[in-house]
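J.: Sharing a structure with you now.
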Amino acid sequence: MIGPTAPRGRRITRPDAILRGEEVGAGPTFLLLHAGGERRRVWRPVSEVLVGAGYRCVAFDQRGHGDSGGSARTLSACAHDVAAMVRAEPPGSVVVGASLGGLAAVAALTDPAVRARVAGLVLVDVVPCLEPSRVRRLLASVDPLGAHTELVEDVLARVPRLRQVTAELDLPVLLVHGDHGSSLTDEDIEQLLRLAPHATVRPVQGAGHLIARDQPVALARTVITATAAWR
(Lines give C-alpha, C1' and ligand atoms only; values in the text may rest on other atoms or scores of the structure.)
Protein backbone atom coordinates (compact mmCIF):
# COMPACT_ATOMS: atom_id res chain seq x y z
CA MET A 1 0.00 0.00 0.00
CA ILE A 2 1.23 3.51 -0.82
CA GLY A 3 1.36 5.62 2.31
CA PRO A 4 1.22 9.42 2.68
CA THR A 5 5.02 9.72 2.69
CA ALA A 6 5.61 7.57 -0.41
CA PRO A 7 6.00 9.62 -3.62
CA ARG A 8 3.13 9.29 -6.06
CA GLY A 9 3.64 9.99 -9.74
CA ARG A 10 2.00 12.95 -11.44
CA ARG A 11 1.52 13.82 -15.11
CA ILE A 12 0.14 16.90 -16.87
CA THR A 13 -0.41 16.89 -20.62
CA ARG A 14 0.31 20.23 -22.29
CA PRO A 15 -0.30 21.04 -25.98
CA ASP A 16 3.39 20.53 -26.80
CA ALA A 17 4.76 18.55 -23.87
CA ILE A 18 4.08 16.05 -21.13
CA LEU A 19 5.16 17.24 -17.69
CA ARG A 20 6.07 14.54 -15.20
CA GLY A 21 6.30 15.00 -11.47
CA GLU A 22 5.53 13.59 -8.06
CA GLU A 23 3.61 14.38 -4.92
CA VAL A 24 4.19 13.31 -1.37
CA GLY A 25 2.47 13.82 1.96
CA ALA A 26 -0.97 15.01 2.96
CA GLY A 27 -2.21 18.42 4.05
CA PRO A 28 -1.90 21.98 2.76
CA THR A 29 0.05 22.02 -0.49
CA PHE A 30 3.39 23.48 -1.51
CA LEU A 31 3.97 23.54 -5.28
CA LEU A 32 7.76 23.43 -5.71
CA LEU A 33 9.32 24.83 -8.91
CA HIS A 34 12.98 24.11 -9.48
CA ALA A 35 15.65 26.35 -11.02
CA GLY A 36 16.83 26.15 -14.60
CA GLY A 37 19.18 23.23 -15.13
CA GLU A 38 17.80 21.41 -12.06
CA ARG A 39 15.24 18.61 -11.68
CA ARG A 40 12.38 18.00 -9.29
CA ARG A 41 14.51 15.68 -7.18
CA VAL A 42 16.37 18.72 -5.81
CA TRP A 43 13.29 19.32 -3.65
CA ARG A 44 13.22 15.89 -2.00
CA PRO A 45 15.21 16.84 1.13
CA VAL A 46 13.05 19.97 1.44
CA SER A 47 9.86 17.93 0.99
CA GLU A 48 10.92 15.49 3.70
CA VAL A 49 10.89 18.29 6.26
CA LEU A 50 7.66 19.82 4.94
CA VAL A 51 5.84 16.48 4.93
CA GLY A 52 7.05 15.78 8.44
CA ALA A 53 5.44 19.06 9.50
CA GLY A 54 2.07 18.04 8.02
CA TYR A 55 2.22 19.43 4.50
CA ARG A 56 1.82 17.98 1.01
CA CYS A 57 4.44 18.71 -1.66
CA VAL A 58 4.09 18.61 -5.44
CA ALA A 59 7.08 18.98 -7.75
CA PHE A 60 7.38 18.60 -11.52
CA ASP A 61 10.37 18.56 -13.82
CA GLN A 62 9.96 21.77 -15.77
CA ARG A 63 9.65 21.48 -19.54
CA GLY A 64 12.90 20.49 -21.18
CA HIS A 65 14.23 19.19 -17.86
CA GLY A 66 14.45 15.68 -16.45
CA ASP A 67 11.50 13.47 -17.37
CA SER A 68 9.39 16.27 -18.86
CA GLY A 69 9.20 16.90 -22.59
CA GLY A 70 9.07 20.10 -24.58
CA SER A 71 11.64 22.85 -24.74
CA ALA A 72 12.19 25.76 -22.35
CA ARG A 73 12.88 28.54 -24.84
CA THR A 74 10.47 31.18 -23.53
CA LEU A 75 9.33 32.27 -20.11
CA SER A 76 5.76 32.30 -21.41
CA ALA A 77 5.85 28.55 -22.09
CA CYS A 78 7.16 27.88 -18.57
CA ALA A 79 4.55 30.21 -17.06
CA HIS A 80 1.69 28.47 -18.87
CA ASP A 81 2.97 25.18 -17.45
CA VAL A 82 2.96 26.65 -13.94
CA ALA A 83 -0.59 27.86 -14.46
CA ALA A 84 -1.59 24.32 -15.46
CA MET A 85 0.10 22.94 -12.33
CA VAL A 86 -1.78 25.42 -10.13
CA ARG A 87 -5.09 24.56 -11.78
CA ALA A 88 -4.43 20.87 -11.10
CA GLU A 89 -4.23 21.51 -7.34
CA PRO A 90 -6.92 22.39 -4.80
CA PRO A 91 -7.21 26.13 -4.14
CA GLY A 92 -4.83 27.48 -1.52
CA SER A 93 -1.45 26.17 -2.66
CA VAL A 94 1.68 28.08 -1.75
CA VAL A 95 3.94 28.34 -4.81
CA VAL A 96 7.68 28.09 -4.13
CA GLY A 97 9.87 29.03 -7.09
CA ALA A 98 13.66 28.94 -7.28
CA SER A 99 15.36 31.11 -9.91
CA LEU A 100 13.63 30.24 -13.24
CA GLY A 101 10.83 28.61 -11.26
CA GLY A 102 10.21 31.84 -9.36
CA LEU A 103 10.13 33.97 -12.51
CA ALA A 104 7.77 31.51 -14.19
CA ALA A 105 5.53 31.69 -11.12
CA VAL A 106 5.43 35.50 -11.25
CA ALA A 107 4.57 35.36 -14.96
CA ALA A 108 1.82 32.78 -14.30
CA LEU A 109 0.25 35.08 -11.70
CA THR A 110 -0.64 37.61 -14.41
CA ASP A 111 -3.80 35.50 -14.79
CA PRO A 112 -6.39 36.47 -12.14
CA ALA A 113 -7.84 32.95 -12.19
CA VAL A 114 -4.42 31.54 -11.29
CA ARG A 115 -3.89 34.15 -8.57
CA ALA A 116 -7.24 33.25 -7.04
CA ARG A 117 -6.06 29.67 -6.49
CA VAL A 118 -2.76 30.61 -4.80
CA ALA A 119 -2.32 31.41 -1.11
CA GLY A 120 1.09 33.02 -1.51
CA LEU A 121 4.39 33.14 -3.38
CA VAL A 122 7.85 32.18 -2.12
CA LEU A 123 10.75 33.40 -4.28
CA VAL A 124 13.96 31.47 -3.67
CA ASP A 125 17.00 33.63 -4.45
CA VAL A 126 15.35 35.43 -7.36
CA VAL A 127 13.62 38.76 -7.89
CA PRO A 128 11.79 40.16 -10.93
CA CYS A 129 14.10 43.20 -11.13
CA LEU A 130 16.89 41.48 -13.02
CA GLU A 131 19.96 43.47 -14.07
CA PRO A 132 20.77 42.29 -17.64
CA SER A 133 24.57 42.64 -17.68
CA ARG A 134 24.93 40.78 -14.37
CA VAL A 135 22.59 38.02 -15.52
CA ARG A 136 24.53 37.59 -18.77
CA ARG A 137 27.85 37.41 -16.89
CA LEU A 138 26.45 34.76 -14.56
CA LEU A 139 25.10 32.78 -17.51
CA ALA A 140 28.46 32.91 -19.31
CA SER A 141 30.19 31.48 -16.23
CA VAL A 142 27.83 28.52 -15.82
CA ASP A 143 26.74 27.93 -19.43
CA PRO A 144 29.76 28.55 -21.68
CA LEU A 145 28.10 26.82 -24.65
CA GLY A 146 25.10 29.13 -24.47
CA ALA A 147 22.50 26.35 -24.22
CA HIS A 148 20.09 28.61 -22.30
CA THR A 149 20.85 31.95 -23.99
CA GLU A 150 17.53 32.08 -25.86
CA LEU A 151 15.50 31.59 -22.68
CA VAL A 152 17.58 34.10 -20.70
CA GLU A 153 17.19 36.79 -23.37
CA ASP A 154 13.44 36.16 -23.44
CA VAL A 155 13.27 36.49 -19.65
CA LEU A 156 15.24 39.75 -19.73
CA ALA A 157 12.90 41.16 -22.36
CA ARG A 158 9.99 40.50 -20.00
CA VAL A 159 11.48 42.20 -16.94
CA PRO A 160 9.25 45.31 -17.20
CA ARG A 161 6.15 43.10 -17.21
CA LEU A 162 7.46 40.98 -14.33
CA ARG A 163 8.05 44.13 -12.30
CA GLN A 164 4.53 45.35 -13.05
CA VAL A 165 2.96 42.04 -12.04
CA THR A 166 4.94 41.98 -8.81
CA ALA A 167 3.84 45.52 -7.96
CA GLU A 168 0.21 44.51 -8.47
CA LEU A 169 0.32 41.29 -6.43
CA ASP A 170 -2.14 41.21 -3.57
CA LEU A 171 -0.77 37.89 -2.33
CA PRO A 172 1.70 37.33 0.50
CA VAL A 173 5.25 37.26 -0.85
CA LEU A 174 8.35 35.82 0.81
CA LEU A 175 11.87 36.18 -0.55
CA VAL A 176 14.36 33.63 0.76
CA HIS A 177 17.96 34.36 -0.20
CA GLY A 178 21.33 32.83 0.49
CA ASP A 179 23.81 34.74 2.60
CA HIS A 180 26.90 33.29 0.88
CA GLY A 181 27.26 33.41 -2.89
CA SER A 182 23.68 34.51 -3.52
CA SER A 183 22.87 35.90 -6.95
CA LEU A 184 21.11 38.83 -5.25
CA THR A 185 22.51 42.14 -4.04
CA ASP A 186 21.15 44.42 -1.33
CA GLU A 187 19.85 46.68 -4.10
CA ASP A 188 17.95 43.76 -5.67
CA ILE A 189 16.24 43.12 -2.37
CA GLU A 190 15.47 46.82 -1.87
CA GLN A 191 13.95 47.00 -5.36
CA LEU A 192 11.68 44.07 -4.57
CA LEU A 193 10.52 45.76 -1.38
CA ARG A 194 9.79 48.95 -3.30
CA LEU A 195 7.66 46.95 -5.74
CA ALA A 196 5.98 44.85 -3.03
CA PRO A 197 6.27 46.62 0.33
CA HIS A 198 4.27 43.85 1.97
CA ALA A 199 6.89 41.22 1.08
CA THR A 200 9.03 39.67 3.78
CA VAL A 201 12.69 38.71 3.38
CA ARG A 202 14.52 35.88 5.12
CA PRO A 203 18.20 34.91 4.69
CA VAL A 204 19.42 31.32 4.91
CA GLN A 205 22.88 31.02 6.39
CA GLY A 206 25.49 29.00 4.52
CA ALA A 207 23.50 29.00 1.27
CA GLY A 208 24.29 30.38 -2.16
CA HIS A 209 21.98 30.70 -5.14
CA LEU A 210 20.77 27.07 -5.08
CA ILE A 211 19.44 27.04 -1.54
CA ALA A 212 17.53 23.78 -1.95
CA ARG A 213 20.86 22.06 -2.59
CA ASP A 214 22.95 24.00 -0.08
CA GLN A 215 20.65 24.16 2.95
CA PRO A 216 17.43 22.19 2.33
CA VAL A 217 16.46 21.76 5.97
CA ALA A 218 16.96 25.45 6.78
CA LEU A 219 15.01 26.40 3.64
CA ALA A 220 12.10 24.17 4.61
CA ARG A 221 11.99 25.46 8.17
CA THR A 222 12.14 29.06 6.96
CA VAL A 223 9.26 28.47 4.57
CA ILE A 224 7.15 26.72 7.23
CA THR A 225 7.61 29.53 9.74
CA ALA A 226 7.08 32.40 7.31
CA THR A 227 4.03 31.00 5.53
CA ALA A 228 2.14 29.49 8.48
CA ALA A 229 -0.45 32.29 8.55
CA TRP A 230 -1.02 32.46 4.79
CA ARG A 231 -3.75 29.85 4.45
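Within each chain, counting starts at residue 1; across the C-alpha coordinates, chains are named A, B, ... in the order shown, with ligands numbered 1 upward in that order.
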List the neighbours of A:Ile189 out to 12 Å using only C-alpha atoms; skip same-chain residues closer than 3 positions along the sequence, and give me the result as a short mmCIF file (atom, residue, chain, number, x, y, z; two decimals) with N, CA, C and O atoms, in the first residue's frame.

T.:
```
data_model
loop_
_atom_site.label_atom_id
_atom_site.label_comp_id
_atom_site.auth_asym_id
_atom_site.auth_seq_id
_atom_site.Cartn_x
_atom_site.Cartn_y
_atom_site.Cartn_z
N LEU A 123 9.68 33.27 -3.29
CA LEU A 123 10.75 33.40 -4.28
C LEU A 123 12.05 32.97 -3.62
O LEU A 123 12.43 33.49 -2.57
N VAL A 124 12.72 32.01 -4.24
CA VAL A 124 13.96 31.47 -3.67
C VAL A 124 15.14 32.01 -4.46
O VAL A 124 15.41 31.58 -5.58
N ASP A 125 15.81 32.98 -3.89
CA ASP A 125 17.00 33.63 -4.45
C ASP A 125 16.76 34.15 -5.87
O ASP A 125 17.61 33.99 -6.75
N VAL A 126 15.64 34.80 -6.06
CA VAL A 126 15.35 35.43 -7.36
C VAL A 126 14.38 36.58 -7.13
O VAL A 126 13.54 36.51 -6.24
N VAL A 127 14.54 37.63 -7.91
CA VAL A 127 13.62 38.76 -7.89
C VAL A 127 13.29 39.13 -9.33
O VAL A 127 14.03 38.79 -10.25
N PRO A 128 12.17 39.80 -9.55
CA PRO A 128 11.79 40.16 -10.93
C PRO A 128 12.59 41.32 -11.50
O PRO A 128 12.53 41.57 -12.71
N CYS A 129 13.33 42.05 -10.65
CA CYS A 129 14.10 43.20 -11.13
C CYS A 129 15.50 42.76 -11.51
O CYS A 129 16.47 43.06 -10.81
N LEU A 130 15.61 42.02 -12.59
CA LEU A 130 16.89 41.48 -13.02
C LEU A 130 17.74 42.55 -13.71
O LEU A 130 17.22 43.34 -14.50
N LEU A 174 7.16 36.05 0.00
CA LEU A 174 8.35 35.82 0.81
C LEU A 174 9.53 35.66 -0.12
O LEU A 174 9.47 34.89 -1.08
N LEU A 175 10.60 36.39 0.15
CA LEU A 175 11.87 36.18 -0.55
C LEU A 175 12.83 35.50 0.41
O LEU A 175 13.12 36.02 1.49
N VAL A 176 13.32 34.33 0.01
CA VAL A 176 14.36 33.63 0.76
C VAL A 176 15.64 33.72 -0.05
O VAL A 176 15.64 33.37 -1.24
N HIS A 177 16.71 34.20 0.55
CA HIS A 177 17.96 34.36 -0.20
C HIS A 177 19.12 33.77 0.58
O HIS A 177 19.10 33.70 1.82
N GLY A 178 20.13 33.34 -0.15
CA GLY A 178 21.33 32.83 0.49
C GLY A 178 22.18 33.97 1.03
O GLY A 178 22.13 35.09 0.51
N SER A 182 24.99 34.27 -2.92
CA SER A 182 23.68 34.51 -3.52
C SER A 182 23.84 35.29 -4.82
O SER A 182 24.79 36.04 -5.01
N SER A 183 22.86 35.12 -5.71
CA SER A 183 22.87 35.90 -6.95
C SER A 183 22.31 37.31 -6.73
O SER A 183 22.35 38.14 -7.64
N LEU A 184 21.79 37.57 -5.52
CA LEU A 184 21.11 38.83 -5.25
C LEU A 184 22.03 39.80 -4.49
O LEU A 184 22.83 39.40 -3.66
N THR A 185 21.83 41.07 -4.77
CA THR A 185 22.51 42.14 -4.04
C THR A 185 21.52 42.81 -3.10
O THR A 185 20.30 42.61 -3.20
N ASP A 186 22.04 43.65 -2.21
CA ASP A 186 21.15 44.42 -1.33
C ASP A 186 20.21 45.29 -2.15
O ASP A 186 19.04 45.46 -1.80
N LEU A 192 12.86 44.90 -4.79
CA LEU A 192 11.68 44.07 -4.57
C LEU A 192 10.76 44.69 -3.53
O LEU A 192 9.54 44.74 -3.71
N LEU A 193 11.34 45.18 -2.45
CA LEU A 193 10.52 45.76 -1.38
C LEU A 193 9.85 47.06 -1.81
O LEU A 193 8.79 47.42 -1.29
N ARG A 194 10.48 47.76 -2.76
CA ARG A 194 9.79 48.95 -3.30
C ARG A 194 8.60 48.54 -4.16
O ARG A 194 7.57 49.21 -4.16
N LEU A 195 8.76 47.44 -4.91
CA LEU A 195 7.66 46.95 -5.74
C LEU A 195 6.55 46.34 -4.88
O LEU A 195 5.36 46.53 -5.17
N ALA A 196 6.94 45.57 -3.87
CA ALA A 196 5.98 44.85 -3.03
C ALA A 196 6.32 45.10 -1.57
O ALA A 196 6.98 44.29 -0.92
N PRO A 197 5.90 46.26 -1.04
CA PRO A 197 6.27 46.62 0.33
C PRO A 197 5.79 45.62 1.37
O PRO A 197 6.33 45.58 2.48
N ALA A 199 6.07 42.43 1.12
CA ALA A 199 6.89 41.22 1.08
C ALA A 199 7.78 41.12 2.32
O ALA A 199 8.16 42.14 2.92
N THR A 200 8.08 39.90 2.70
CA THR A 200 9.03 39.67 3.78
C THR A 200 10.29 39.01 3.20
O THR A 200 10.23 38.35 2.16
N VAL A 201 11.40 39.20 3.87
CA VAL A 201 12.69 38.71 3.38
C VAL A 201 13.36 37.92 4.50
O VAL A 201 13.43 38.38 5.64
N ARG A 202 13.83 36.72 4.14
CA ARG A 202 14.52 35.88 5.12
C ARG A 202 15.81 35.32 4.51
O ARG A 202 15.78 34.69 3.46
N PRO A 203 16.95 35.52 5.16
CA PRO A 203 18.20 34.91 4.69
C PRO A 203 18.33 33.47 5.21
O PRO A 203 17.77 33.12 6.24
#
```

J.: Determine, counting only C-alpha atoms, which protein, DNA and RNA residues have an atom within 6 Å of an atom of A:Ser99; residues of the same chain fewer than 2 positions away are not included. Present the result as a list in words.

T.: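 Surrounding residues, per the criterion: Ala35, Gly101, Gly102 and Val126 of chain A.
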
J.: Quick one: write out the picked residues with N, CA, C and O atoms as an mmCIF file, in the first residue's frame?

T.:
```
data_model
loop_
_atom_site.group_PDB
_atom_site.id
_atom_site.type_symbol
_atom_site.label_atom_id
_atom_site.label_comp_id
_atom_site.auth_asym_id
_atom_site.auth_seq_id
_atom_site.Cartn_x
_atom_site.Cartn_y
_atom_site.Cartn_z
ATOM 1 N N ALA A 35 14.889 25.387 -10.217
ATOM 2 C CA ALA A 35 15.649 26.345 -11.016
ATOM 3 C C ALA A 35 16.003 25.748 -12.372
ATOM 4 O O ALA A 35 15.942 24.530 -12.578
ATOM 5 N N GLY A 101 12.137 28.979 -11.788
ATOM 6 C CA GLY A 101 10.828 28.613 -11.259
ATOM 7 C C GLY A 101 10.096 29.789 -10.644
ATOM 8 O O GLY A 101 8.878 29.934 -10.793
ATOM 9 N N GLY A 102 10.826 30.661 -9.956
ATOM 10 C CA GLY A 102 10.208 31.840 -9.359
ATOM 11 C C GLY A 102 9.733 32.827 -10.401
ATOM 12 O O GLY A 102 8.640 33.401 -10.282
ATOM 13 N N VAL A 126 15.638 34.797 -6.064
ATOM 14 C CA VAL A 126 15.355 35.431 -7.355
ATOM 15 C C VAL A 126 14.381 36.579 -7.128
ATOM 16 O O VAL A 126 13.538 36.515 -6.239
#
```

J.: Have a look at atom CA of A:Ile18 and atom CA of A:Gly69 and let me know their distance in Å, one decimal.

T.: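 Those two atoms sit 5.4 Å apart.
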
J.: Which residues come within 7 Å of A:Leu31, counting only C-alpha atoms, excluding same-chain residues fewer than 5 positions away, as a list of chain:residue names?

T.: A:Cys57, A:Val58, A:Ala59, A:Ser93, A:Val94, A:Val95, A:Val96

J.: What does the file look like for those residues with N, CA, C and O atoms, as a CSV table (one decimal), in the first residue's frame?

T.:
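Output file again.csv follows:
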```
chain,number,residue,atom,x,y,z
A,57,CYS,N,3.5,18.1,-0.7
A,57,CYS,CA,4.4,18.7,-1.7
A,57,CYS,C,4.2,18.1,-3.0
A,57,CYS,O,4.1,16.9,-3.2
A,58,VAL,N,4.2,19.0,-4.0
A,58,VAL,CA,4.1,18.6,-5.4
A,58,VAL,C,5.2,19.3,-6.2
A,58,VAL,O,5.5,20.5,-6.0
A,59,ALA,N,6.0,18.5,-7.0
A,59,ALA,CA,7.1,19.0,-7.8
A,59,ALA,C,7.1,18.3,-9.1
A,59,ALA,O,7.0,17.1,-9.2
A,93,SER,N,-2.9,26.6,-2.6
A,93,SER,CA,-1.4,26.2,-2.7
A,93,SER,C,-0.5,27.4,-2.4
A,93,SER,O,-0.8,28.5,-2.9
A,94,VAL,N,0.6,27.1,-1.8
A,94,VAL,CA,1.7,28.1,-1.7
A,94,VAL,C,2.7,27.7,-2.8
A,94,VAL,O,3.1,26.5,-2.9
A,95,VAL,N,3.0,28.6,-3.7
A,95,VAL,CA,3.9,28.3,-4.8
A,95,VAL,C,5.3,28.8,-4.4
A,95,VAL,O,5.5,29.9,-4.0
A,96,VAL,N,6.3,27.8,-4.5
A,96,VAL,CA,7.7,28.1,-4.1
A,96,VAL,C,8.5,28.0,-5.4
A,96,VAL,O,8.6,26.9,-6.0
```

J.: Among stretch 98-214 of chain A, which ones does DSSP assign to strand (DSSP E or B) (computed from the backbone)? Answer as a ChimeraX atom specification.

T.: /A:98,118-124,173-178,200-204

J.: To one decimal place in Å, what is the distance between atom CA of A:Asp61 and atom CA of A:Leu169?

T.: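 If I compute the distance from atom CA of A:Asp61 to atom CA of A:Leu169, I get 25.9 Å.
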
J.: Name the closest residue to A:His80 among the candidates A:Glu131, A:Glu168, A:Asp111, A:Asp214; distances are taken between atoms, counting only C-alpha atoms.

T.: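 The shortest atom-to-atom distance to A:His80 comes from A:Asp111.
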
J.: For A:Ala77, work out the shell of residues within 9 Å, counting only C-alpha atoms and skipping chain neighbours fewer than 6 positions away, then give it as number ranges by chain.

T.: A: 63, 71, 104
